[in-house]
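Notes to accompany the following structure.
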Amino acid sequence: MKSLFDPVSFGPLRLKNRIVRSATMAGATLAEKGAIWAELAAGGSGLVITGMMGVIENSCVGERMTQGYRPGVLEAHKPFFEAVQRHGAKIAVQLGHCGLKANFLDGGQRPLGPSVVRLPNQEAPLAMRHEQIAQVVAAFAKTARSCKEAGADAVQLHAAHGYLLSQFLSPFFNHRLDEYGGNIDNRGRIVLEIVEAIRGQVGPDYPVLIKVNYSDLAEPSITFEECASLCSQLAKHGLTAVELSAGLGNDALTSPIRRVKKPGEEGYFAEPALDLADMLSIPVISVGGYRDIEAMEKRLNQGQIEAFAMSRPLICEPALAARWQSGDRVRARCVSCNRCFSPKGAFGCKYPFPA
Ligand SMILES: Cc1cc2nc3c(=O)[nH]c(=O)nc-3n(C[C@H](O)[C@H](O)[C@H](O)COP(=O)(O)O)c2cc1C
């Protein structure tokens, strides 16, 4: 029987257990975020993934999203990464670009996207020219290098939830007629270029993860088969692990952050994660609605999922992993009130920690 507390390796990234804190933007200062990461590490999570960090001007959803491209920003993270590592946990930085959902336009007046698709309450984006795509690819690689130099254990590309890379992957947003649009090889080209460019900056052994949608929960959508084909291509080009999610996050119906009220609603993206794990040569992390250790260990022993990521339960109880490991296997206290996901970015919780 496999346990959530088995040590596990994602290529060169060795984790003390299979519990991952899924990327969670806190809209907080660096010191506040550092305190949250340290608390999660002390609380037993094996891998802490930061909230999405912007890689270039015009990539951030708001001013409070970390601008990882600004000089000295990653260097300033070093002591906070070290604090996580002192607790025996690892830290990965999630790198992202909000594309047509960017609202902090520090590099120009209009957000960028693969095509001109306008969402309600959003400015019409500019369809990216080839040189703008190349700039974004280089920016991901440069910021990944800064993460490595600042002592982060890994980076994770945010290619899910309707942000720029997910916009390219999704036929909902990508209507391009050039080599970056059309079939999945084309829609995924920017992601492959980024993985290759990052490898060029960080070398062959540095862990590079991705979070990607198997479905956009919208029409039209990326398909599971397209997602699997992209992931196996990326694995051949040195990707280390995949976290599988879904949803463009345009509205309640396409949200990846669903309410979990009853035990049967848990692990709402587990089935495709089990299927993907059967097909890929690299580890798959499943995310979405995990609340109960019994349900997670059941999924673990059903197939090849290597790790389970949680966001909201660890906002509510940062020491959840340690609690479960101590033998108190009562389900997570999170009731999906979703106050932690207010549009204003407030990091609230009905049960604010420390409890
Ligand atoms: C406050 C908050 C912020 C989030 N920020 C991010 C983010 O920066 N990047 C990301 O990939 N997902 C983000 N998510 C989504 C979570 O990582 C996760 O995929 C989702 O909440 C489902 O998992 P859960 O049921 O364990 O919360 C966020 C979720 C919440 C609640």
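Starting from 1 in every chain, residues are counted up; chains themselves are A, B, ... following the order of the structure tokens, and ligands are numbered from 1 as listed.
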For chain A against ligand 1, with a cut-off of 8 Å and counting only C-alpha atoms and all ligand atoms, what is the closest atom pair and its distance in Å to one decimal for every residue that makes the cut, ordered by chain and number, as a Markdown table?
| residue | atom | partner | partner_atom_place_in_ligand_line | distance |
| --- | --- | --- | --- | --- |
| A:Arg21 | CA | ligand 1 | 17 (O) | 7.7 |
| A:Ser22 | CA | ligand 1 | 17 (O) | 4.3 |
| A:Ala23 | CA | ligand 1 | 17 (O) | 4.4 |
| A:Thr24 | CA | ligand 1 | 5 (N) | 3.4 |
| A:Met25 | CA | ligand 1 | 5 (N) | 4.0 |
| A:Ala26 | CA | ligand 1 | 1 (C) | 6.2 |
| A:Thr50 | CA | ligand 1 | 8 (O) | 7.2 |
| A:Gly51 | CA | ligand 1 | 8 (O) | 3.8 |
| A:Met52 | CA | ligand 1 | 8 (O) | 3.9 |
| A:Met53 | CA | ligand 1 | 8 (O) | 7.5 |
| A:Gln94 | CA | ligand 1 | 9 (N) | 7.0 |
| A:His158 | CA | ligand 1 | 11 (O) | 5.7 |
| A:Ala160 | CA | ligand 1 | 11 (O) | 6.6 |
| A:His161 | CA | ligand 1 | 11 (O) | 7.0 |
| A:Lys211 | CA | ligand 1 | 11 (O) | 6.5 |
| A:Ser245 | CA | ligand 1 | 19 (O) | 6.4 |
| A:Pro256 | CA | ligand 1 | 20 (C) | 5.8 |
| A:Ile257 | CA | ligand 1 | 20 (C) | 4.6 |
| A:Arg258 | CA | ligand 1 | 25 (O) | 6.7 |
| A:Arg259 | CA | ligand 1 | 25 (O) | 7.6 |
| A:Val260 | CA | ligand 1 | 25 (O) | 7.5 |
| A:Gly267 | CA | ligand 1 | 25 (O) | 7.8 |
| A:Val287 | CA | ligand 1 | 23 (O) | 5.5 |
| A:Gly288 | CA | ligand 1 | 23 (O) | 3.8 |
| A:Gly289 | CA | ligand 1 | 25 (O) | 3.3 |
| A:Tyr290 | CA | ligand 1 | 26 (O) | 5.6 |
| A:Arg291 | CA | ligand 1 | 26 (O) | 7.5 |
| A:Ala309 | CA | ligand 1 | 26 (O) | 6.4 |
| A:Met310 | CA | ligand 1 | 26 (O) | 3.4 |
| A:Ser311 | CA | ligand 1 | 26 (O) | 3.9 |
| A:Arg312 | CA | ligand 1 | 27 (O) | 3.9 |
| A:Pro313 | CA | ligand 1 | 26 (O) | 6.0 |
| A:Leu314 | CA | ligand 1 | 26 (O) | 7.7 |
| A:Ser336 | CA | ligand 1 | 25 (O) | 7.7 |
| A:Asn338 | CA | ligand 1 | 31 (C) | 6.6 |
| A:Cys340 | CA | ligand 1 | 1 (C) | 4.7 |
| A:Phe341 | CA | ligand 1 | 1 (C) | 4.2 |
| A:Ser342 | CA | ligand 1 | 1 (C) | 7.4 |
| A:Gly345 | CA | ligand 1 | 1 (C) | 6.9 |
| A:Ala346 | CA | ligand 1 | 1 (C) | 7.7 |
| A:Phe347 | CA | ligand 1 | 1 (C) | 6.2 |
Save the residues we just selected, N, CA and C atoms, as a short mmCIF file (atom, residue, chain, number, x, y, z; two decimals), in the first residue's frame?
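Generated file (out-v9.cif):
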data_model
loop_
_atom_site.label_atom_id
_atom_site.label_comp_id
_atom_site.auth_asym_id
_atom_site.auth_seq_id
_atom_site.Cartn_x
_atom_site.Cartn_y
_atom_site.Cartn_z
N ARG A 21 1.55 21.89 -1.83
CA ARG A 21 0.71 23.09 -1.73
C ARG A 21 0.62 23.66 -3.14
N SER A 22 -0.56 23.58 -3.71
CA SER A 22 -0.78 24.08 -5.06
C SER A 22 -0.60 25.59 -5.07
N ALA A 23 -0.15 26.11 -6.23
CA ALA A 23 0.12 27.56 -6.33
C ALA A 23 -1.08 28.37 -5.85
N THR A 24 -0.80 29.38 -5.04
CA THR A 24 -1.87 30.18 -4.43
C THR A 24 -1.41 31.62 -4.32
N MET A 25 -2.00 32.50 -5.11
CA MET A 25 -1.64 33.91 -5.02
C MET A 25 -2.23 34.49 -3.75
N ALA A 26 -1.41 35.20 -2.99
CA ALA A 26 -1.87 35.70 -1.70
C ALA A 26 -2.10 37.20 -1.72
N THR A 50 4.73 28.51 -4.98
CA THR A 50 4.33 29.90 -4.72
C THR A 50 3.13 30.25 -5.58
N GLY A 51 2.54 31.41 -5.36
CA GLY A 51 1.53 31.93 -6.28
C GLY A 51 2.18 32.31 -7.59
N MET A 52 1.36 32.48 -8.61
CA MET A 52 1.89 32.85 -9.93
C MET A 52 2.67 34.16 -9.86
N MET A 53 3.84 34.14 -10.49
CA MET A 53 4.73 35.31 -10.53
C MET A 53 4.88 35.74 -11.98
N GLN A 94 5.98 29.40 -9.19
CA GLN A 94 5.11 29.31 -10.36
C GLN A 94 5.29 30.56 -11.22
N HIS A 158 2.77 28.10 -15.35
CA HIS A 158 1.31 28.11 -15.23
C HIS A 158 0.73 28.13 -16.65
N ALA A 160 -2.32 26.68 -17.16
CA ALA A 160 -3.73 26.30 -16.93
C ALA A 160 -4.57 27.56 -16.68
N HIS A 161 -5.85 27.36 -16.44
CA HIS A 161 -6.77 28.36 -15.88
C HIS A 161 -6.97 29.62 -16.72
N LYS A 211 1.65 23.27 -14.90
CA LYS A 211 0.25 23.06 -14.52
C LYS A 211 -0.58 23.32 -15.77
N SER A 245 -5.06 20.19 -14.10
CA SER A 245 -6.22 20.95 -13.65
C SER A 245 -7.17 21.13 -14.82
N PRO A 256 -11.75 26.62 -12.05
CA PRO A 256 -11.04 25.45 -11.52
C PRO A 256 -11.19 25.31 -10.01
N ILE A 257 -11.80 26.35 -9.39
CA ILE A 257 -11.86 26.39 -7.92
C ILE A 257 -13.31 26.13 -7.51
N ARG A 258 -13.69 24.85 -7.50
CA ARG A 258 -15.08 24.49 -7.26
C ARG A 258 -15.37 24.31 -5.78
N ARG A 259 -16.64 24.41 -5.48
CA ARG A 259 -17.02 24.16 -4.09
C ARG A 259 -17.10 22.66 -3.85
N VAL A 260 -16.61 22.25 -2.70
CA VAL A 260 -16.68 20.83 -2.31
C VAL A 260 -17.49 20.78 -1.03
N GLY A 267 -11.79 15.62 -5.02
CA GLY A 267 -10.87 15.18 -6.08
C GLY A 267 -11.55 15.24 -7.43
N VAL A 287 -4.79 17.76 -8.67
CA VAL A 287 -5.26 18.89 -7.86
C VAL A 287 -6.77 19.06 -8.06
N GLY A 288 -7.41 19.66 -7.08
CA GLY A 288 -8.82 20.02 -7.24
C GLY A 288 -9.71 19.33 -6.23
N GLY A 289 -9.97 20.01 -5.11
CA GLY A 289 -10.99 19.55 -4.19
C GLY A 289 -10.60 18.42 -3.26
N TYR A 290 -9.32 18.22 -3.02
CA TYR A 290 -8.93 17.17 -2.05
C TYR A 290 -9.11 17.69 -0.63
N ARG A 291 -9.82 16.88 0.17
CA ARG A 291 -10.13 17.30 1.55
C ARG A 291 -9.94 16.17 2.56
N ALA A 309 -2.11 17.83 -4.79
CA ALA A 309 -1.91 19.24 -4.45
C ALA A 309 -3.20 19.81 -3.87
N MET A 310 -3.03 20.71 -2.92
CA MET A 310 -4.18 21.39 -2.30
C MET A 310 -3.86 22.87 -2.15
N SER A 311 -4.89 23.68 -2.26
CA SER A 311 -4.74 25.12 -2.03
C SER A 311 -5.59 25.55 -0.83
N ARG A 312 -6.92 25.55 -1.00
CA ARG A 312 -7.79 26.09 0.05
C ARG A 312 -7.65 25.39 1.40
N PRO A 313 -7.56 24.05 1.44
CA PRO A 313 -7.42 23.41 2.78
C PRO A 313 -6.17 23.86 3.52
N LEU A 314 -5.12 24.25 2.76
CA LEU A 314 -3.88 24.66 3.41
C LEU A 314 -3.86 26.15 3.75
N SER A 336 -14.93 25.25 1.65
CA SER A 336 -15.06 25.90 0.34
C SER A 336 -15.93 27.14 0.42
N ASN A 338 -14.81 29.86 -0.05
CA ASN A 338 -14.18 30.62 -1.13
C ASN A 338 -13.95 32.09 -0.78
N CYS A 340 -11.33 32.93 0.50
CA CYS A 340 -9.91 33.07 0.16
C CYS A 340 -9.74 33.49 -1.29
N PHE A 341 -10.80 33.40 -2.09
CA PHE A 341 -10.67 33.71 -3.51
C PHE A 341 -11.54 34.90 -3.87
N SER A 342 -11.53 35.91 -3.01
CA SER A 342 -12.32 37.10 -3.33
C SER A 342 -11.67 37.80 -4.52
N GLY A 345 -8.64 39.76 -4.12
CA GLY A 345 -7.37 39.11 -3.81
C GLY A 345 -7.13 39.01 -2.31
N ALA A 346 -8.13 39.28 -1.48
CA ALA A 346 -7.92 39.18 -0.04
C ALA A 346 -7.69 37.72 0.34
N PHE A 347 -6.79 37.49 1.27
CA PHE A 347 -6.44 36.12 1.62
C PHE A 347 -7.24 35.74 2.85
#
Just asking: which residues within range 198-245 of chain A are helix (DSSP H, G or I) according to DSSP, as a PDB file with N, CA and C atoms, in the first residue's frame?
ATOM      1  N   ILE A 198      13.951  27.527 -21.220  1.00  0.00           N
ATOM      2  CA  ILE A 198      14.290  27.405 -19.793  1.00  0.00           C
ATOM      3  C   ILE A 198      15.432  26.407 -19.627  1.00  0.00           C
ATOM      4  N   ARG A 199      15.326  25.261 -20.303  1.00  0.00           N
ATOM      5  CA  ARG A 199      16.413  24.269 -20.213  1.00  0.00           C
ATOM      6  C   ARG A 199      17.746  24.902 -20.596  1.00  0.00           C
ATOM      7  N   GLY A 200      17.731  25.764 -21.624  1.00  0.00           N
ATOM      8  CA  GLY A 200      18.958  26.455 -22.058  1.00  0.00           C
ATOM      9  C   GLY A 200      19.529  27.334 -20.959  1.00  0.00           C
ATOM     10  N   GLN A 201      18.671  27.847 -20.071  1.00  0.00           N
ATOM     11  CA  GLN A 201      19.118  28.757 -19.003  1.00  0.00           C
ATOM     12  C   GLN A 201      19.455  28.039 -17.706  1.00  0.00           C
ATOM     13  N   VAL A 202      18.784  26.912 -17.432  1.00  0.00           N
ATOM     14  CA  VAL A 202      18.958  26.282 -16.103  1.00  0.00           C
ATOM     15  C   VAL A 202      19.687  24.948 -16.173  1.00  0.00           C
ATOM     16  N   PHE A 224      -8.740  16.107 -23.737  1.00  0.00           N
ATOM     17  CA  PHE A 224      -7.819  15.292 -22.944  1.00  0.00           C
ATOM     18  C   PHE A 224      -6.698  14.740 -23.831  1.00  0.00           C
ATOM     19  N   GLU A 225      -7.055  14.273 -25.025  1.00  0.00           N
ATOM     20  CA  GLU A 225      -6.060  13.678 -25.929  1.00  0.00           C
ATOM     21  C   GLU A 225      -5.018  14.718 -26.322  1.00  0.00           C
ATOM     22  N   GLU A 226      -5.465  15.957 -26.571  1.00  0.00           N
ATOM     23  CA  GLU A 226      -4.513  17.019 -26.930  1.00  0.00           C
ATOM     24  C   GLU A 226      -3.579  17.319 -25.754  1.00  0.00           C
ATOM     25  N   CYS A 227      -4.158  17.353 -24.566  1.00  0.00           N
ATOM     26  CA  CYS A 227      -3.351  17.620 -23.375  1.00  0.00           C
ATOM     27  C   CYS A 227      -2.312  16.510 -23.184  1.00  0.00           C
ATOM     28  N   ALA A 228      -2.738  15.265 -23.360  1.00  0.00           N
ATOM     29  CA  ALA A 228      -1.815  14.128 -23.188  1.00  0.00           C
ATOM     30  C   ALA A 228      -0.707  14.187 -24.234  1.00  0.00           C
ATOM     31  N   SER A 229      -1.062  14.539 -25.461  1.00  0.00           N
ATOM     32  CA  SER A 229      -0.064  14.615 -26.526  1.00  0.00           C
ATOM     33  C   SER A 229       0.947  15.729 -26.216  1.00  0.00           C
ATOM     34  N   LEU A 230       0.444  16.880 -25.754  1.00  0.00           N
ATOM     35  CA  LEU A 230       1.343  17.981 -25.379  1.00  0.00           C
ATOM     36  C   LEU A 230       2.287  17.536 -24.259  1.00  0.00           C
ATOM     37  N   CYS A 231       1.732  16.906 -23.226  1.00  0.00           N
ATOM     38  CA  CYS A 231       2.557  16.520 -22.071  1.00  0.00           C
ATOM     39  C   CYS A 231       3.622  15.500 -22.480  1.00  0.00           C
ATOM     40  N   SER A 232       3.278  14.561 -23.358  1.00  0.00           N
ATOM     41  CA  SER A 232       4.332  13.592 -23.719  1.00  0.00           C
ATOM     42  C   SER A 232       5.403  14.251 -24.577  1.00  0.00           C
ATOM     43  N   GLN A 233       5.016  15.211 -25.428  1.00  0.00           N
ATOM     44  CA  GLN A 233       6.021  15.989 -26.174  1.00  0.00           C
ATOM     45  C   GLN A 233       6.944  16.727 -25.203  1.00  0.00           C
ATOM     46  N   LEU A 234       6.334  17.389 -24.207  1.00  0.00           N
ATOM     47  CA  LEU A 234       7.117  18.180 -23.259  1.00  0.00           C
ATOM     48  C   LEU A 234       8.038  17.275 -22.438  1.00  0.00           C
ATOM     49  N   ALA A 235       7.540  16.072 -22.104  1.00  0.00           N
ATOM     50  CA  ALA A 235       8.377  15.132 -21.341  1.00  0.00           C
ATOM     51  C   ALA A 235       9.629  14.782 -22.150  1.00  0.00           C
ATOM     52  N   LYS A 236       9.464  14.635 -23.460  1.00  0.00           N
ATOM     53  CA  LYS A 236      10.633  14.323 -24.311  1.00  0.00           C
ATOM     54  C   LYS A 236      11.615  15.487 -24.351  1.00  0.00           C
TER      55      LYS A 236
END
### Task
Write out as a PyMOL selection string which residues come within 6 Å of range 184-197 of chain A when counting only C-alpha atoms, dropping same-chain ones fewer than 3 positions away.
chain A and resi 137+141+168-169+179-181+200+226
### Surrounding residues of Leu239 in chain A excluding itself and chain neighbours under 6 positions, 8 Å, only C-alpha atoms, as a ChimeraX atom specification
/A:195,207-210,282
Selection to disk with C-alpha atoms, as a JSON list (two decimals), in the first residue's frame:
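Below is the file that was written, result20.json:
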[["chain", "number", "residue", "atom", "x", "y", "z"],
["A", 195, "VAL", "CA", 10.49, 24.62, -21.87],
["A", 207, "PRO", "CA", 13.19, 20.59, -12.16],
["A", 208, "VAL", "CA", 10.70, 22.26, -14.50],
["A", 209, "LEU", "CA", 7.04, 21.45, -13.81],
["A", 210, "ILE", "CA", 3.86, 22.52, -15.57],
["A", 282, "ILE", "CA", 6.86, 11.60, -15.89]]
### Message
To test your reading of the structure, identify every residue in range 228-265 of chain A that backbone DSSP assigns to strand (DSSP E or B), and report it as an MDAnalysis selection string.
### Response
chainID A and resid 241:245
### Best match for closeness to Phe172 in chain A among A:Gly72, A:Gly327, A:Gly238, A:Gly113, counting only C-alpha atoms
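Comparing A:Gly72, A:Gly327, A:Gly238, A:Gly113 against Phe172 in chain A, the winner is A:Gly113.
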What are the closest atom pairs, with distances in Å to one decimal, for all residues of range 97-215 of chain A lying within 12 Å of range 273-277 of chain A? Consider only C-alpha atoms, order rows by chain and residue number, and present the result as JSON lines.
{"residue": "A:Lys211", "atom": "CA", "partner": "A:Ala273", "partner_atom": "CA", "distance": 11.9}
{"residue": "A:Val212", "atom": "CA", "partner": "A:Ala273", "partner_atom": "CA", "distance": 11.0}
{"residue": "A:Asn213", "atom": "CA", "partner": "A:Ala273", "partner_atom": "CA", "distance": 10.5}
{"residue": "A:Tyr214", "atom": "CA", "partner": "A:Ala273", "partner_atom": "CA", "distance": 8.7}
{"residue": "A:Ser215", "atom": "CA", "partner": "A:Ala273", "partner_atom": "CA", "distance": 11.5}
Exercise: range 55-67 of chain A partners within 6 Å, only C-alpha atoms, chain neighbours under 4 positions left out, as a compact mmCIF listing (two decimals) with N, CA and C atoms, in the first residue's frame:
# COMPACT_ATOMS: atom_id res chain seq x y z
N GLY A 27 -1.63 37.89 -2.76
CA GLY A 27 -1.80 39.35 -2.80
C GLY A 27 -1.19 40.02 -1.58
N HIS A 97 2.03 34.32 -17.00
CA HIS A 97 1.72 35.53 -17.75
C HIS A 97 0.20 35.51 -17.91
N CYS A 98 -0.45 36.59 -17.53
CA CYS A 98 -1.92 36.57 -17.54
C CYS A 98 -2.50 36.85 -18.92
N ALA A 102 -4.45 40.20 -18.10
CA ALA A 102 -3.57 41.09 -17.33
C ALA A 102 -4.28 42.42 -17.11
N ASN A 103 -4.20 42.90 -15.87
CA ASN A 103 -4.83 44.18 -15.55
C ASN A 103 -3.83 45.21 -15.04
N PHE A 104 -2.59 44.79 -14.83
CA PHE A 104 -1.55 45.72 -14.39
C PHE A 104 -0.66 45.95 -15.62
N LEU A 105 -0.98 47.00 -16.35
CA LEU A 105 -0.36 47.17 -17.68
C LEU A 105 0.83 48.13 -17.58
N ASP A 106 1.92 47.60 -17.02
CA ASP A 106 3.10 48.43 -16.79
C ASP A 106 3.96 48.57 -18.05
N GLY A 107 3.60 47.85 -19.10
CA GLY A 107 4.45 47.90 -20.31
C GLY A 107 3.68 48.39 -21.52
N ALA A 139 11.55 35.75 -21.68
CA ALA A 139 11.29 36.26 -20.33
C ALA A 139 11.04 35.10 -19.36
N PHE A 140 10.29 34.09 -19.79
CA PHE A 140 10.09 32.91 -18.93
C PHE A 140 11.46 32.31 -18.58
N THR A 143 13.51 34.51 -16.16
CA THR A 143 12.99 34.50 -14.79
C THR A 143 13.23 33.13 -14.14
#### Entry: Nearest to Ser115 in chain A by atom-to-atom distance, counting only C-alpha atoms, from A:Asn174, A:Ser166, A:Thr254, A:Ser146
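Smallest distance to Ser115 in chain A is found for A:Asn174.
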### Task
Select, from A:Leu248, A:Ala144, A:Leu15, A:Ala150, the residue with the minimum atom-to-atom distance to Lys101 in chain A, counting only C-alpha atoms.
A:Leu248
### Message
Rounded to one decimal, what separation in Å do you get between CA of Asp178 in chain A and CA of Glu123 in chain A?
### Response
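A separation of 23.6 Å between them.
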### Task
May I ask for the distance between CA of Asp153 in chain A and CA of Gly46 in chain A, given in Å to one decimal place?
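A separation of 11.8 Å between them.
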### Query
For His87 in chain A, which residue among A:Cys316, A:Cys337, A:Ala38, A:Leu126 is the nearest when counting only C-alpha atoms?
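Under the stated criterion, the closest residue is A:Ala38.
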Applying 9 Å and only C-alpha atoms, which residues near Gly249 in chain A remain after dropping the ones on its own chain fewer than 2 positions away? List them as a PDB file with C-alpha atoms, in the first residue's frame.
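Contents of around_1.pdb, freshly written:
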ATOM      1  CA  HIS A 161      -6.771  28.362 -15.879  1.00  0.00           C
ATOM      2  CA  GLY A 162      -7.073  30.644 -18.900  1.00  0.00           C
ATOM      3  CA  TYR A 163      -3.885  32.661 -18.484  1.00  0.00           C
ATOM      4  CA  ASP A 216     -11.190  24.216 -20.455  1.00  0.00           C
ATOM      5  CA  LEU A 217     -14.725  23.461 -19.183  1.00  0.00           C
ATOM      6  CA  ALA A 246      -9.070  22.297 -15.767  1.00  0.00           C
ATOM      7  CA  GLY A 247     -11.085  25.414 -16.474  1.00  0.00           C
ATOM      8  CA  ASP A 251     -16.880  32.558 -14.862  1.00  0.00           C
ATOM      9  CA  ALA A 252     -18.364  30.178 -12.285  1.00  0.00           C
ATOM     10  CA  LEU A 253     -18.944  27.413 -14.845  1.00  0.00           C
ATOM     11  CA  THR A 254     -15.344  27.425 -16.072  1.00  0.00           C
ATOM     12  CA  SER A 255     -13.757  27.882 -12.640  1.00  0.00           C
ATOM     13  CA  PRO A 256     -11.039  25.450 -11.525  1.00  0.00           C
ATOM     14  CA  ILE A 257     -11.861  26.390  -7.922  1.00  0.00           C
TER      15      ILE A 257
END
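Across the structure, CA of Ile49 in chain A and CA of Ala270 in chain A are spaced 19.6 Å apart.
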### Task
Would you please work out which residue, of A:Met128, A:Tyr206, A:Phe81, A:Gly68, is nearest to Arg176 in chain A when using only C-alpha atoms?
A:Met128
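In this comparison, which uses only C-alpha atoms, the residue of A:Pro125, A:Gly96, A:Gly203, A:Pro283 approaching Tyr69 in chain A most closely is A:Gly96.
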